[in-house]
$ cat query_16.cif   # mmCIF, C-alpha atoms
data_protein
loop_
_atom_site.group_PDB
_atom_site.id
_atom_site.type_symbol
_atom_site.label_atom_id
_atom_site.label_comp_id
_atom_site.auth_asym_id
_atom_site.auth_seq_id
_atom_site.Cartn_x
_atom_site.Cartn_y
_atom_site.Cartn_z
ATOM 1 C CA MET V 1 106.689 66.522 11.184
ATOM 2 C CA SER V 2 106.392 63.137 12.866
ATOM 3 C CA GLN V 3 103.649 62.240 15.257
ATOM 4 C CA TYR V 4 104.777 60.484 18.440
ATOM 5 C CA PHE V 5 103.059 57.730 20.402
ATOM 6 C CA LYS V 6 103.766 56.844 24.030
ATOM 7 C CA ILE V 7 104.434 53.111 24.341
ATOM 8 C CA GLY V 8 105.503 52.821 27.983
ATOM 9 C CA LYS V 9 108.191 53.895 30.392
ATOM 10 C CA PHE V 10 111.512 52.852 31.830
ATOM 11 C CA VAL V 11 110.895 51.178 35.179
ATOM 12 C CA ALA V 12 114.355 50.031 36.272
ATOM 13 C CA SER V 13 118.023 49.855 35.425
ATOM 14 C CA TYR V 14 119.335 46.374 34.747
ATOM 15 C CA GLY V 15 122.821 45.062 35.319
ATOM 16 C CA LEU V 16 125.967 47.127 35.634
ATOM 17 C CA SER V 17 126.415 48.288 32.028
ATOM 18 C CA GLY V 18 123.532 50.782 31.885
ATOM 19 C CA GLU V 19 120.712 48.723 30.401
ATOM 20 C CA LEU V 20 117.144 49.861 31.077
ATOM 21 C CA LEU V 21 113.958 47.847 31.488
ATOM 22 C CA LEU V 22 111.129 49.229 29.363
ATOM 23 C CA LEU V 23 107.604 48.290 30.419
ATOM 24 C CA HIS V 24 105.530 48.697 27.246
ATOM 25 C CA SER V 25 101.958 48.195 26.109
ATOM 26 C CA LEU V 26 102.571 47.183 22.499
ATOM 27 C CA GLY V 27 100.399 44.103 22.995
ATOM 28 C CA LYS V 28 102.955 41.441 22.131
ATOM 29 C CA ARG V 29 106.329 40.121 23.131
ATOM 30 C CA THR V 30 108.953 41.986 21.155
ATOM 31 C CA ALA V 31 112.665 42.715 21.226
ATOM 32 C CA LEU V 32 112.122 45.835 19.084
ATOM 33 C CA LYS V 33 114.613 44.415 16.583
ATOM 34 C CA GLY V 34 115.557 46.981 13.969
ATOM 35 C CA LEU V 35 114.440 49.958 16.049
ATOM 36 C CA LYS V 36 117.187 52.578 15.911
ATOM 37 C CA THR V 37 115.726 55.453 17.942
ATOM 38 C CA ILE V 38 113.376 56.087 20.831
ATOM 39 C CA PHE V 39 112.201 59.472 22.031
ATOM 40 C CA LEU V 40 111.839 60.901 25.517
ATOM 41 C CA GLU V 41 109.632 63.928 26.159
ATOM 42 C CA GLU V 42 111.765 66.740 27.550
ATOM 43 C CA GLY V 43 109.042 69.392 27.557
ATOM 44 C CA LYS V 44 105.501 69.840 26.294
ATOM 45 C CA SER V 45 105.577 68.260 22.805
ATOM 46 C CA SER V 46 109.380 68.473 22.731
ATOM 47 C CA PHE V 47 111.050 65.119 22.112
ATOM 48 C CA LEU V 48 114.726 64.206 22.270
ATOM 49 C CA PRO V 49 115.999 61.196 20.335
ATOM 50 C CA TYR V 50 118.061 58.493 22.017
ATOM 51 C CA PHE V 51 119.856 55.959 19.873
ATOM 52 C CA ILE V 52 119.678 52.265 20.653
ATOM 53 C CA GLU V 53 122.795 50.124 20.934
ATOM 54 C CA LYS V 54 120.967 46.831 21.525
ATOM 55 C CA THR V 55 117.686 45.376 22.715
ATOM 56 C CA ALA V 56 116.523 42.055 24.167
ATOM 57 C CA SER V 57 113.069 40.740 24.943
ATOM 58 C CA LYS V 58 112.641 40.001 28.637
ATOM 59 C CA LYS V 59 109.029 38.746 28.712
ATOM 60 C CA ALA V 60 105.653 39.909 27.417
ATOM 61 C CA GLY V 61 105.416 43.645 27.983
ATOM 62 C CA GLU V 62 109.101 44.066 28.868
ATOM 63 C CA VAL V 63 112.207 44.723 26.827
ATOM 64 C CA LEU V 64 115.775 45.535 27.830
ATOM 65 C CA ILE V 65 117.265 48.519 26.026
ATOM 66 C CA LYS V 66 120.885 49.648 25.953
ATOM 67 C CA LEU V 67 121.141 53.274 24.847
ATOM 68 C CA GLU V 68 124.247 54.745 23.221
ATOM 69 C CA GLY V 69 126.359 56.717 25.679
ATOM 70 C CA ILE V 70 124.852 55.106 28.791
ATOM 71 C CA HIS V 71 127.489 52.783 30.244
ATOM 72 C CA THR V 72 126.846 52.655 33.986
ATOM 73 C CA LYS V 73 123.993 51.734 36.291
ATOM 74 C CA GLU V 74 124.129 55.249 37.772
ATOM 75 C CA ALA V 75 123.729 56.902 34.356
ATOM 76 C CA ALA V 76 120.805 54.591 33.553
ATOM 77 C CA LYS V 77 119.000 55.467 36.812
ATOM 78 C CA LYS V 78 118.423 59.014 35.490
ATOM 79 C CA PHE V 79 116.050 57.539 32.908
ATOM 80 C CA ILE V 80 113.855 55.584 35.332
ATOM 81 C CA ALA V 81 110.186 56.698 35.193
ATOM 82 C CA LYS V 82 110.750 58.494 31.850
ATOM 83 C CA GLU V 83 108.062 57.836 29.259
ATOM 84 C CA VAL V 84 109.197 56.290 25.978
ATOM 85 C CA TRP V 85 107.758 57.430 22.665
ATOM 86 C CA LEU V 86 108.027 56.149 19.080
ATOM 87 C CA THR V 87 107.417 57.873 15.780
ATOM 88 C CA ASP V 88 104.184 56.925 14.027
ATOM 89 C CA VAL V 89 106.107 54.805 11.483
ATOM 90 C CA ASP V 90 107.892 52.767 14.171
ATOM 91 C CA PHE V 91 104.745 52.538 16.279
ATOM 92 C CA LYS V 92 102.804 50.948 13.411
ATOM 93 C CA LYS V 93 105.661 48.494 12.858
ATOM 94 C CA PHE V 94 105.852 47.243 16.461
ATOM 95 C CA ALA V 95 102.323 47.561 17.953
ATOM 96 C CA ALA V 96 100.082 44.511 17.760
ATOM 97 C CA LYS V 97 96.933 45.200 15.749
ATOM 98 C CA SER V 98 94.801 43.702 18.535
ATOM 99 C CA ALA V 99 96.441 45.718 21.341
ATOM 100 C CA PRO V 100 94.401 48.549 22.856
ATOM 101 C CA ILE V 101 97.343 50.911 22.252
ATOM 102 C CA SER V 102 96.801 50.461 18.518
ATOM 103 C CA MET V 103 93.768 52.806 18.897
ATOM 104 C CA LEU V 104 96.123 55.776 19.288
ATOM 105 C CA GLY V 105 95.396 58.300 16.574
ATOM 106 C CA PHE V 106 91.883 56.925 15.945
ATOM 107 C CA GLU V 107 88.852 59.214 16.069
ATOM 108 C CA LEU V 108 86.400 58.522 18.913
ATOM 109 C CA ILE V 109 82.787 58.660 17.690
ATOM 110 C CA ASP V 110 79.674 58.772 19.915
ATOM 111 C CA GLY V 111 76.580 58.399 17.720
ATOM 112 C CA ALA V 112 77.012 61.098 15.062
ATOM 113 C CA ASN V 113 79.458 63.173 17.160
ATOM 114 C CA ASN V 114 83.187 63.034 16.492
ATOM 115 C CA LEU V 115 84.598 63.607 19.974
ATOM 116 C CA GLY V 116 88.230 63.890 18.879
ATOM 117 C CA GLU V 117 91.441 61.985 18.340
ATOM 118 C CA ILE V 118 92.566 59.411 20.889
ATOM 119 C CA THR V 119 95.856 60.722 22.276
ATOM 120 C CA GLU V 120 96.442 58.201 25.052
ATOM 121 C CA VAL V 121 95.190 54.731 25.927
ATOM 122 C CA ILE V 122 95.215 53.671 29.572
ATOM 123 C CA GLU V 123 94.598 49.977 30.209
ATOM 124 C CA GLN V 124 92.735 49.110 33.386
ATOM 125 C CA PRO V 125 91.498 45.713 34.597
ATOM 126 C CA HIS V 126 87.887 46.020 33.369
ATOM 127 C CA GLN V 127 88.059 48.800 30.803
ATOM 128 C CA ILE V 128 90.247 51.008 28.697
ATOM 129 C CA LEU V 129 90.347 54.775 29.146
ATOM 130 C CA CYS V 130 90.866 56.780 25.977
ATOM 131 C CA SER V 131 92.183 60.292 26.442
ATOM 132 C CA ILE V 132 90.944 62.908 23.985
ATOM 133 C CA LEU V 133 90.843 66.696 23.831
ATOM 134 C CA TYR V 134 87.171 67.567 24.234
ATOM 135 C CA LYS V 135 86.340 71.249 23.817
ATOM 136 C CA GLY V 136 89.987 72.095 24.422
ATOM 137 C CA ARG V 137 90.279 70.125 27.669
ATOM 138 C CA PRO V 138 91.546 66.594 28.343
ATOM 139 C CA ALA V 139 88.748 64.064 28.748
ATOM 140 C CA TYR V 140 88.969 60.390 29.689
ATOM 141 C CA ILE V 141 86.402 58.211 27.989
ATOM 142 C CA PRO V 142 85.906 54.608 29.171
ATOM 143 C CA VAL V 143 85.725 51.954 26.476
ATOM 144 C CA HIS V 144 84.520 48.476 27.424
ATOM 145 C CA GLU V 145 82.311 45.730 26.026
ATOM 146 C CA GLN V 146 79.060 47.449 27.069
ATOM 147 C CA ASN V 147 79.685 50.728 25.235
ATOM 148 C CA LEU V 148 81.955 49.722 22.340
ATOM 149 C CA ILE V 149 79.848 49.484 19.192
ATOM 150 C CA ARG V 150 82.475 49.018 16.509
ATOM 151 C CA LEU V 151 86.188 49.419 15.831
ATOM 152 C CA ASP V 152 86.951 50.429 12.230
ATOM 153 C CA THR V 153 90.683 49.909 11.734
ATOM 154 C CA ILE V 154 90.572 50.966 8.080
ATOM 155 C CA ALA V 155 88.890 54.335 8.720
ATOM 156 C CA LYS V 156 90.674 54.629 12.103
ATOM 157 C CA LYS V 157 87.493 55.191 14.075
ATOM 158 C CA VAL V 158 86.201 53.841 17.390
ATOM 159 C CA TYR V 159 82.405 53.936 17.686
ATOM 160 C CA VAL V 160 80.994 54.034 21.215
ATOM 161 C CA GLU V 161 77.674 54.697 22.934
ATOM 162 C CA LEU V 162 78.407 56.825 25.979
ATOM 163 C CA PRO V 163 76.113 56.986 28.987
ATOM 164 C CA PRO V 164 74.029 60.168 29.246
ATOM 165 C CA GLY V 165 75.788 62.992 31.094
ATOM 166 C CA LEU V 166 79.321 61.626 30.816
ATOM 167 C CA LEU V 167 80.567 64.418 28.563
ATOM 168 C CA GLU V 168 78.874 67.105 30.668
ATOM 169 C CA ILE V 169 81.547 66.783 33.355
ATOM 170 C CA TYR V 170 84.104 67.997 30.800
ATOM 171 C CA GLU V 171 82.144 71.070 29.696
#
$ encode --input "query_16.cif" --output "structure tokens"
Amino acid sequence: MSQYFKIGKFVASYGLSGELLLLHSLGKRTALKGLKTIFLEEGKSSFLPYFIEKTASKKAGEVLIKLEGIHTKEAAKKFIAKEVWLTDVDFKKFAAKSAPISMLGFELIDGANNLGEITEVIEQPHQILCSILYKGRPAYIPVHEQNLIRLDTIAKKVYVELPPGLLEIYE
């Protein structure tokens, strides 16, 4: 079974033929050339595939996508604010290695404690929030230059030093 990674969301329809503007966090300008399918989450961990007719790079962080079967502006509007997901294979192909989103799927380590797998990366102006499941509940862990110790891309681990008491709010 494939693992899926959220890369962004549709923010607007574009033109009259049903194109959609995808705002993504892949960390580089891309037209997603060669990508055949995107996925939209229809329910909890239930993804529906949508096939791509064509794509075009708009600017860094934006790409225009024309989906098969969507031919009008009105039909495209139904997709606005929907999150877009890629399979792990496609994600690895299109995400920049230096982009914060490339930490998806990495293990978050505080000292000797493995806190869990990073399931979401939220970029903010002065830090990155990594979402993990900590003791069965979602937890948001800040990662910034003061607490990031090391990023091991080979072992897929992010080593941090968290401030005392941070994890206690999630217990």
$ residues_around --input "query_16.cif" --residues "Gly69 of chain V" --least-positions-apart "2" --cutoff "9 Å" --atoms "all atoms listed in the file" --output "list of chain:residue names"
V:Phe51, V:Glu53, V:Lys66, V:Leu67, V:His71
$ resolve_selection --input "query_16.cif" --expression "the PyMOL selection byres ((chain V and resi 120) around 12)" --output "MDAnalysis selection string"
chainID V and resid 4:8 25 85 100:108 116:119 121:123 128:133 138:142
$ residues_around --input "query_16.cif" --residues "Arg150 of chain V" --least-positions-apart "2" --cutoff "8 Å" --atoms "only C-alpha atoms" --output "PyMOL selection string"
chain V and resi 148+152+158-160
$ atom_distance --input "query_16.cif" --atom1 "atom CA of Leu23 of chain V" --atom2 "atom CA of Leu64 of chain V"
9.0 Å
$ closest_residue --input "query_16.cif" --among "V:Ser46, V:Glu41, V:Gln124, V:Leu32" --to "Phe79 of chain V" --atoms "all atoms listed in the file"
V:Glu41
$ atom_distance --input "query_16.cif" --atom1 "atom CA of Phe94 of chain V" --atom2 "atom CA of Leu16 of chain V"
27.8 Å
$ atom_distance --input "query_16.cif" --atom1 "atom CA of Leu48 of chain V" --atom2 "atom CA of Ala99 of chain V"
26.0 Å
$ resolve_selection --input "query_16.cif" --expression "the PyMOL selection byres ((chain V and resi 111) around 10)" --output "PDB file with C-alpha atoms, keeping the file's coordinate frame"
ATOM      1  CA  LEU V 108      86.400  58.522  18.913  1.00  0.00           C
ATOM      2  CA  ILE V 109      82.787  58.660  17.690  1.00  0.00           C
ATOM      3  CA  ASP V 110      79.674  58.772  19.915  1.00  0.00           C
ATOM      4  CA  ALA V 112      77.012  61.098  15.062  1.00  0.00           C
ATOM      5  CA  ASN V 113      79.458  63.173  17.160  1.00  0.00           C
ATOM      6  CA  ASN V 114      83.187  63.034  16.492  1.00  0.00           C
ATOM      7  CA  LEU V 115      84.598  63.607  19.974  1.00  0.00           C
ATOM      8  CA  ILE V 149      79.848  49.484  19.192  1.00  0.00           C
ATOM      9  CA  TYR V 159      82.405  53.936  17.686  1.00  0.00           C
ATOM     10  CA  VAL V 160      80.994  54.034  21.215  1.00  0.00           C
ATOM     11  CA  GLU V 161      77.674  54.697  22.934  1.00  0.00           C
ATOM     12  CA  LEU V 162      78.407  56.825  25.979  1.00  0.00           C
TER      13      LEU V 162
END
